[in-house]
Amino acid sequence: MPLPLPASFLDGDGVFQLTASTAIDAPAGLAPVAQWLQDALRPATGFPLPITEDRAEQAIVLRIRPELAAEAYRLVAGPTGTTIEGGDSAGVFYGCQVLLQLLPPAIYRRSPVGPAPWAVPAVTITDAPRFGWRGAMLDVARHFMPKHDVLRFVDLLAMHRLNTLHLHLSDDQGWRVEIRRHPALTDVGAWRSESQLGAVPDAPGDGRPHGGFYTQDDIREIVAYAAQRHITVVPEIDLPGHTQAAIAAYPQLGVTGNALQTWTRWGINTNVLNTEDSTIAFFCEVMDEVMDLFPSPYIGIGGDECPKEQWHTDARTQELMRLRGLRDENELQSWFISRIGEHVAARGRRVFGWDDILEGDAPSGAVVASWRGMTGAVTAARRGFDVVSCPDDQVYLDYRQSEDPREPIPFAVPLTLRDAYAFDPVPEELTPDQAARVLGGQANIWTEHMDTPRIVDYYAFPRLCAIAEALWSPKERSYEEFLPRLETHLRRLDAIGVEYRPHQGPLPWQTRPGVDGKPATRDEWATFIEDLVAGIKT
């Protein structure tokens, strides 16, 4: 389990005492994990913790055991040392994360804060994850998150044994990755004049320019840093809607050809890409650079919330549809997504798209992110597509956390800690063979109303702790057992400096008085989502 271990796991006498003479014993193949563990333990303890391949008298021993499954680990601690074995290096790494959990919370501080008994209780733990895709989507397009904060977020994912970071890198409000062949995407598209303040349609702007982007070297650093922590970074370039930032940079990409500014509002935007062959070629070049930067087997292409009004009323688009033998605008979107998908597949990668791509013929081999409830998960699995479940009413961490009127900019339905803990990526109506199509799940963190990393902390934690445990642990688990372990775990987050939402409600500085939200009841939201998924092709 990603959170502190229940007392029932402790099954021995005595403790392993971490001291200045403790060494880390690891073979050369586990050197990166040993280096990470050394870097994690040294700051708070002040101990040298040398890495050796010869068993020391007091040691933390790291080993690969092929009989264990991928990502599985076994940790055995006793008075003379601690042994961590894994089915692969990821399993050993997760065992090392558990070792930190067994130490006092001060182990997460970056400098010694006083003498501490660095004691590990005698324990034997064997554990393995339920799902292979355990992730979080971070929207850096709506509000840019500086690189050092992304690296901190990666560390927090690793702490909770999440293994996928889905980066939402482009949208109407900003383009966040350097594309050298098309520099205006960041020169122009990475910046906007202001941001909408609040969730209602007539909300004012804040009058404050906003922007930023990651250079290609920044991306390489993020990807490598994540890989050292056994996290795959999945990039997303959203197409063919949610693209006004790209159109602002290159007006010829739009349907009208008019000059636009990077969008300053939230919600769904009517400005979309045209479907000329030149636009397809442009984004194939973009995808080439993206795939050069991200070794992920999955490449996000969006496909969500693409209004069809401009295509419907544009004579040139209608002519292209006739030439291509397309009956309507839904088929046109499928055609567009399929052309990008073919290019991605030619590079040996798989398209990762939102469940909107099921409204037509999704690209062969696509992985579908089911976000509008679980309808997409059911439909995709039955149609033979792999699925990542991320239903909005269970894992959208921008949704308000309670009915408390002090919640900042309260949006949509309440998604409580209990709701997050109850998340199960596998819809009950699937057969066993269909259920095997569910790779796992992820939480989605949309940042329209999160303008600083501190506010991301508030929305994400501790709900992300609950989701991490739901994705790792067996289906049958107890929320009541989770709560006391979470209370202990919050001390770890305190040591790191995570500004999570307290159980009793937001602290005064975490509220946003005077900024309107857009709350809804569960019944209202269910009707809204039902209408959204009506077009999914069964």
# chains A, B, ... in the order shown; residues from 1 in each chain; ligands from 1

call {"tool": "residues_around", "arguments": {"residues": "A:Tyr479", "least_positions_apart": "2", "cutoff": "9 Å", "atoms": "only C-alpha atoms", "output": "PDB file with N, CA and C atoms, in the first residue's frame"}}
result
ATOM      1  N   ARG A 418     -13.260  10.383   0.645  1.00  0.00           N
ATOM      2  CA  ARG A 418     -13.894   9.066   0.584  1.00  0.00           C
ATOM      3  C   ARG A 418     -14.212   8.685  -0.859  1.00  0.00           C
ATOM      4  N   TYR A 421     -11.046   7.571  -2.565  1.00  0.00           N
ATOM      5  CA  TYR A 421     -10.577   6.271  -2.101  1.00  0.00           C
ATOM      6  C   TYR A 421     -11.408   5.129  -2.696  1.00  0.00           C
ATOM      7  N   ALA A 422     -12.661   5.415  -3.026  1.00  0.00           N
ATOM      8  CA  ALA A 422     -13.550   4.385  -3.573  1.00  0.00           C
ATOM      9  C   ALA A 422     -13.331   4.126  -5.061  1.00  0.00           C
ATOM     10  N   ARG A 477     -10.818  -3.037   0.120  1.00  0.00           N
ATOM     11  CA  ARG A 477      -9.986  -2.275   1.045  1.00  0.00           C
ATOM     12  C   ARG A 477     -10.907  -1.447   1.926  1.00  0.00           C
ATOM     13  N   GLU A 481      -9.767   1.937   7.766  1.00  0.00           N
ATOM     14  CA  GLU A 481      -8.378   1.612   8.070  1.00  0.00           C
ATOM     15  C   GLU A 481      -7.417   2.607   7.424  1.00  0.00           C
ATOM     16  N   PHE A 482      -7.830   3.157   6.305  1.00  0.00           N
ATOM     17  CA  PHE A 482      -7.005   4.128   5.601  1.00  0.00           C
ATOM     18  C   PHE A 482      -6.825   5.418   6.396  1.00  0.00           C
ATOM     19  N   LEU A 483      -7.876   5.890   7.053  1.00  0.00           N
ATOM     20  CA  LEU A 483      -7.841   7.214   7.685  1.00  0.00           C
ATOM     21  C   LEU A 483      -6.744   7.361   8.736  1.00  0.00           C
TER      22      LEU A 483
END

call {"tool": "residues_around", "arguments": {"residues": "stretch 274-284 of chain A", "least_positions_apart": "6", "cutoff": "7 Å", "atoms": "only C-alpha atoms", "output": "ChimeraX atom specification"}}
result
/A:253-255,336,340,343

call {"tool": "write_last_selection", "arguments": {"atoms": "C-alpha atoms", "output": "mmCIF file, in the first residue's frame"}}
result
data_model
loop_
_atom_site.group_PDB
_atom_site.id
_atom_site.type_symbol
_atom_site.label_atom_id
_atom_site.label_comp_id
_atom_site.auth_asym_id
_atom_site.auth_seq_id
_atom_site.Cartn_x
_atom_site.Cartn_y
_atom_site.Cartn_z
ATOM 1 C CA LEU A 253 -3.770 26.740 -39.005
ATOM 2 C CA GLY A 254 -7.232 28.093 -38.178
ATOM 3 C CA VAL A 255 -10.414 27.729 -40.172
ATOM 4 C CA PHE A 336 -7.965 14.099 -38.683
ATOM 5 C CA ILE A 340 -2.022 11.948 -36.806
ATOM 6 C CA HIS A 343 2.113 9.097 -38.142
#

call {"tool": "residues_around", "arguments": {"residues": "stretch 509-515 of chain A", "least_positions_apart": "2", "cutoff": "12 Å", "atoms": "only C-alpha atoms", "output": "number ranges by chain"}}
result
A: 196-200, 202-206, 400, 404-411, 449-452, 454-459, 499-502, 505-507, 517-518

call {"tool": "closest_atom_pairs", "arguments": {"of": "stretch 287-377 of chain A", "to": "stretch 239-247 of chain A", "cutoff": "10 Å", "atoms": "only C-alpha atoms", "output": "JSON lines"}}
result
{"residue": "A:Gly300", "atom": "CA", "partner": "A:Leu239", "partner_atom": "CA", "distance": 9.3}
{"residue": "A:Ile301", "atom": "CA", "partner": "A:Leu239", "partner_atom": "CA", "distance": 5.9}
{"residue": "A:Gly302", "atom": "CA", "partner": "A:Leu239", "partner_atom": "CA", "distance": 5.4}
{"residue": "A:Gly303", "atom": "CA", "partner": "A:Leu239", "partner_atom": "CA", "distance": 5.4}
{"residue": "A:Asp304", "atom": "CA", "partner": "A:Gly241", "partner_atom": "CA", "distance": 6.9}
{"residue": "A:Glu305", "atom": "CA", "partner": "A:Gly241", "partner_atom": "CA", "distance": 6.4}
{"residue": "A:Cys306", "atom": "CA", "partner": "A:Gly241", "partner_atom": "CA", "distance": 4.4}
{"residue": "A:Pro307", "atom": "CA", "partner": "A:Gly241", "partner_atom": "CA", "distance": 7.0}
{"residue": "A:Lys308", "atom": "CA", "partner": "A:Gly241", "partner_atom": "CA", "distance": 9.2}
{"residue": "A:Gln333", "atom": "CA", "partner": "A:Pro240", "partner_atom": "CA", "distance": 7.5}
{"residue": "A:Phe336", "atom": "CA", "partner": "A:Pro240", "partner_atom": "CA", "distance": 7.6}
{"residue": "A:Ile337", "atom": "CA", "partner": "A:Leu239", "partner_atom": "CA", "distance": 7.6}
{"residue": "A:Ile340", "atom": "CA", "partner": "A:Leu239", "partner_atom": "CA", "distance": 9.2}
{"residue": "A:Gly353", "atom": "CA", "partner": "A:Leu239", "partner_atom": "CA", "distance": 9.6}

call {"tool": "select_by_dssp", "arguments": {"residues": "stretch 49-284 of chain A", "states": "strand (DSSP E)", "output": "PDB file with C-alpha atoms, in the first residue's frame"}}
result
ATOM      1  CA  ILE A  51      27.310   2.046  -1.788  1.00  0.00           C
ATOM      2  CA  THR A  52      29.098  -1.281  -1.970  1.00  0.00           C
ATOM      3  CA  ALA A  59      23.530  -2.876   5.545  1.00  0.00           C
ATOM      4  CA  ILE A  60      20.536  -2.141   3.405  1.00  0.00           C
ATOM      5  CA  VAL A  61      20.731  -4.881   0.787  1.00  0.00           C
ATOM      6  CA  LEU A  62      19.121  -4.408  -2.634  1.00  0.00           C
ATOM      7  CA  ARG A  63      18.533  -7.418  -4.885  1.00  0.00           C
ATOM      8  CA  ILE A  64      16.594  -8.511  -7.992  1.00  0.00           C
ATOM      9  CA  TYR A  73       8.876  -6.152  -3.906  1.00  0.00           C
ATOM     10  CA  ARG A  74       9.717  -7.921  -0.674  1.00  0.00           C
ATOM     11  CA  LEU A  75      11.175  -6.057   2.296  1.00  0.00           C
ATOM     12  CA  VAL A  76      12.625  -7.902   5.294  1.00  0.00           C
ATOM     13  CA  ALA A  77      13.948  -5.817   8.197  1.00  0.00           C
ATOM     14  CA  GLY A  78      15.592  -7.164  11.336  1.00  0.00           C
ATOM     15  CA  GLY A  81      19.885  -5.147   8.433  1.00  0.00           C
ATOM     16  CA  THR A  82      17.205  -4.666   5.831  1.00  0.00           C
ATOM     17  CA  THR A  83      16.885  -6.559   2.558  1.00  0.00           C
ATOM     18  CA  ILE A  84      14.784  -5.190  -0.302  1.00  0.00           C
ATOM     19  CA  GLU A  85      14.135  -7.490  -3.244  1.00  0.00           C
ATOM     20  CA  GLY A  86      12.146  -6.745  -6.368  1.00  0.00           C
ATOM     21  CA  ALA A 119      14.884   2.873  13.554  1.00  0.00           C
ATOM     22  CA  VAL A 120      13.123   0.476  11.177  1.00  0.00           C
ATOM     23  CA  PRO A 121      10.758  -1.967  12.920  1.00  0.00           C
ATOM     24  CA  ALA A 122      11.256  -5.677  12.367  1.00  0.00           C
ATOM     25  CA  VAL A 123       8.926  -6.415   9.484  1.00  0.00           C
ATOM     26  CA  THR A 124       8.384  -8.619   6.464  1.00  0.00           C
ATOM     27  CA  ILE A 125       6.329  -7.154   3.606  1.00  0.00           C
ATOM     28  CA  THR A 126       5.573  -8.664   0.216  1.00  0.00           C
ATOM     29  CA  ASP A 127       3.500  -6.462  -2.056  1.00  0.00           C
ATOM     30  CA  TRP A 133      -0.959   2.303 -15.144  1.00  0.00           C
ATOM     31  CA  ARG A 134      -1.068   4.359 -11.954  1.00  0.00           C
ATOM     32  CA  GLY A 135      -0.925   7.975 -12.849  1.00  0.00           C
ATOM     33  CA  ALA A 136      -1.757  11.626 -12.604  1.00  0.00           C
ATOM     34  CA  MET A 137      -2.431  14.131 -15.368  1.00  0.00           C
ATOM     35  CA  LEU A 138      -0.976  17.582 -14.711  1.00  0.00           C
ATOM     36  CA  ASP A 139      -2.336  20.468 -16.784  1.00  0.00           C
ATOM     37  CA  THR A 164       2.802   7.687 -14.975  1.00  0.00           C
ATOM     38  CA  LEU A 165       2.852  11.471 -15.360  1.00  0.00           C
ATOM     39  CA  HIS A 166       0.543  12.636 -18.150  1.00  0.00           C
ATOM     40  CA  LEU A 167       1.602  16.182 -19.079  1.00  0.00           C
ATOM     41  CA  HIS A 168      -1.084  18.290 -20.778  1.00  0.00           C
ATOM     42  CA  SER A 170      -1.014  22.536 -25.058  1.00  0.00           C
ATOM     43  CA  ASP A 171      -4.433  24.137 -25.019  1.00  0.00           C
ATOM     44  CA  GLY A 174      -0.962  28.211 -23.759  1.00  0.00           C
ATOM     45  CA  TRP A 175       1.635  26.126 -25.605  1.00  0.00           C
ATOM     46  CA  TRP A 191       1.854  33.783 -23.384  1.00  0.00           C
ATOM     47  CA  ARG A 192      -1.547  35.348 -22.762  1.00  0.00           C
ATOM     48  CA  HIS A 210       0.725  34.773 -17.741  1.00  0.00           C
ATOM     49  CA  GLY A 211       2.997  32.366 -19.558  1.00  0.00           C
ATOM     50  CA  THR A 232       6.878   7.378 -17.578  1.00  0.00           C
ATOM     51  CA  VAL A 233       6.056  10.885 -18.811  1.00  0.00           C
ATOM     52  CA  VAL A 234       3.244  10.795 -21.381  1.00  0.00           C
ATOM     53  CA  PRO A 235       3.027  14.029 -23.412  1.00  0.00           C
ATOM     54  CA  GLU A 236      -0.219  15.402 -24.775  1.00  0.00           C
ATOM     55  CA  ILE A 237      -0.644  17.808 -27.672  1.00  0.00           C
ATOM     56  CA  ASP A 238      -4.397  18.455 -27.840  1.00  0.00           C
ATOM     57  CA  LEU A 239      -5.916  18.298 -31.360  1.00  0.00           C
TER      58      LEU A 239
END

call {"tool": "residues_around", "arguments": {"residues": "A:Gly207", "least_positions_apart": "3", "cutoff": "8 Å", "atoms": "only C-alpha atoms", "output": "number ranges by chain"}}
result
A: 193-195

call {"tool": "residues_around", "arguments": {"residues": "A:Trp311", "least_positions_apart": "6", "cutoff": "10 Å", "atoms": "only C-alpha atoms", "output": "mmCIF file with N, CA and C atoms, in the first residue's frame"}}
result
data_model
loop_
_atom_site.group_PDB
_atom_site.id
_atom_site.type_symbol
_atom_site.label_atom_id
_atom_site.label_comp_id
_atom_site.auth_asym_id
_atom_site.auth_seq_id
_atom_site.Cartn_x
_atom_site.Cartn_y
_atom_site.Cartn_z
ATOM 1 N N VAL A 255 -9.421 27.847 -39.102
ATOM 2 C CA VAL A 255 -10.414 27.729 -40.172
ATOM 3 C C VAL A 255 -10.606 29.065 -40.882
ATOM 4 N N THR A 256 -10.642 30.146 -40.118
ATOM 5 C CA THR A 256 -10.930 31.461 -40.702
ATOM 6 C C THR A 256 -9.690 32.148 -41.245
ATOM 7 N N THR A 270 -14.683 27.843 -29.688
ATOM 8 C CA THR A 270 -15.154 27.488 -31.031
ATOM 9 C C THR A 270 -14.038 27.498 -32.073
ATOM 10 N N ASN A 271 -12.904 28.148 -31.779
ATOM 11 C CA ASN A 271 -11.809 28.201 -32.751
ATOM 12 C C ASN A 271 -11.045 26.880 -32.741
ATOM 13 N N VAL A 272 -11.008 26.218 -33.902
ATOM 14 C CA VAL A 272 -10.367 24.905 -34.026
ATOM 15 C C VAL A 272 -9.457 24.915 -35.247
ATOM 16 N N LEU A 273 -8.691 23.868 -35.409
ATOM 17 C CA LEU A 273 -7.812 23.750 -36.564
ATOM 18 C C LEU A 273 -8.609 23.486 -37.838
ATOM 19 N N ASN A 274 -8.065 23.963 -38.965
ATOM 20 C CA ASN A 274 -8.606 23.515 -40.240
ATOM 21 C C ASN A 274 -8.071 22.113 -40.540
ATOM 22 N N THR A 275 -8.562 21.498 -41.578
ATOM 23 C CA THR A 275 -8.180 20.108 -41.871
ATOM 24 C C THR A 275 -7.438 19.998 -43.196
ATOM 25 N N THR A 317 -13.910 23.743 -45.873
ATOM 26 C CA THR A 317 -13.964 22.496 -45.103
ATOM 27 C C THR A 317 -14.995 21.544 -45.690
ATOM 28 N N GLN A 318 -16.148 22.085 -46.091
ATOM 29 C CA GLN A 318 -17.175 21.235 -46.678
ATOM 30 C C GLN A 318 -16.703 20.626 -48.001
ATOM 31 N N MET A 321 -14.433 17.757 -47.173
ATOM 32 C CA MET A 321 -15.209 16.590 -46.745
ATOM 33 C C MET A 321 -15.748 15.826 -47.958
ATOM 34 N N ASP A 328 -19.993 13.617 -42.502
ATOM 35 C CA ASP A 328 -20.294 14.706 -41.564
ATOM 36 C C ASP A 328 -19.029 15.107 -40.825
ATOM 37 N N GLU A 329 -19.191 16.099 -39.948
ATOM 38 C CA GLU A 329 -18.043 16.655 -39.237
ATOM 39 C C GLU A 329 -17.468 15.680 -38.214
ATOM 40 N N LEU A 332 -15.095 13.774 -40.065
ATOM 41 C CA LEU A 332 -13.933 14.623 -40.350
ATOM 42 C C LEU A 332 -12.963 14.620 -39.165
ATOM 43 N N GLN A 333 -13.509 14.724 -37.962
ATOM 44 C CA GLN A 333 -12.612 14.680 -36.803
ATOM 45 C C GLN A 333 -11.906 13.331 -36.720
#

call {"tool": "closest_residue", "arguments": {"among": "A:Trp335, A:Phe461, A:Trp472, A:Tyr399", "to": "A:Pro519", "atoms": "only C-alpha atoms"}}
result
A:Tyr399

call {"tool": "select_by_dssp", "arguments": {"residues": "stretch 252-488 of chain A", "states": "alpha helix (DSSP H)", "output": "VMD selection string"}}
result
chain A and resid 277 to 293 309 to 313 315 to 324 329 to 346 375 to 382 392 to 395 417 to 421 432 to 435 453 to 460 463 to 472 479 to 488

call {"tool": "closest_residue", "arguments": {"among": "A:Pro112, A:Gly189, A:Gly348, A:Gly87", "to": "A:Phe47", "atoms": "only C-alpha atoms"}}
result
A:Pro112

call {"tool": "residues_around", "arguments": {"residues": "A:Lys537", "least_positions_apart": "4", "cutoff": "12 Å", "atoms": "only C-alpha atoms", "output": "VMD selection string"}}
result
chain A and resid 330 to 331 334 355 to 362 375 to 376 378 to 380 382 to 383 533

call {"tool": "atom_distance", "arguments": {"atom1": "atom CA of A:Ile496", "atom2": "atom CA of A:Met159"}}
result
10.9 Å

call {"tool": "residues_around", "arguments": {"residues": "A:Val388", "least_positions_apart": "3", "cutoff": "6 Å", "atoms": "only C-alpha atoms", "output": "MDAnalysis selection string"}}
result
chainID A and resid 369 439:441
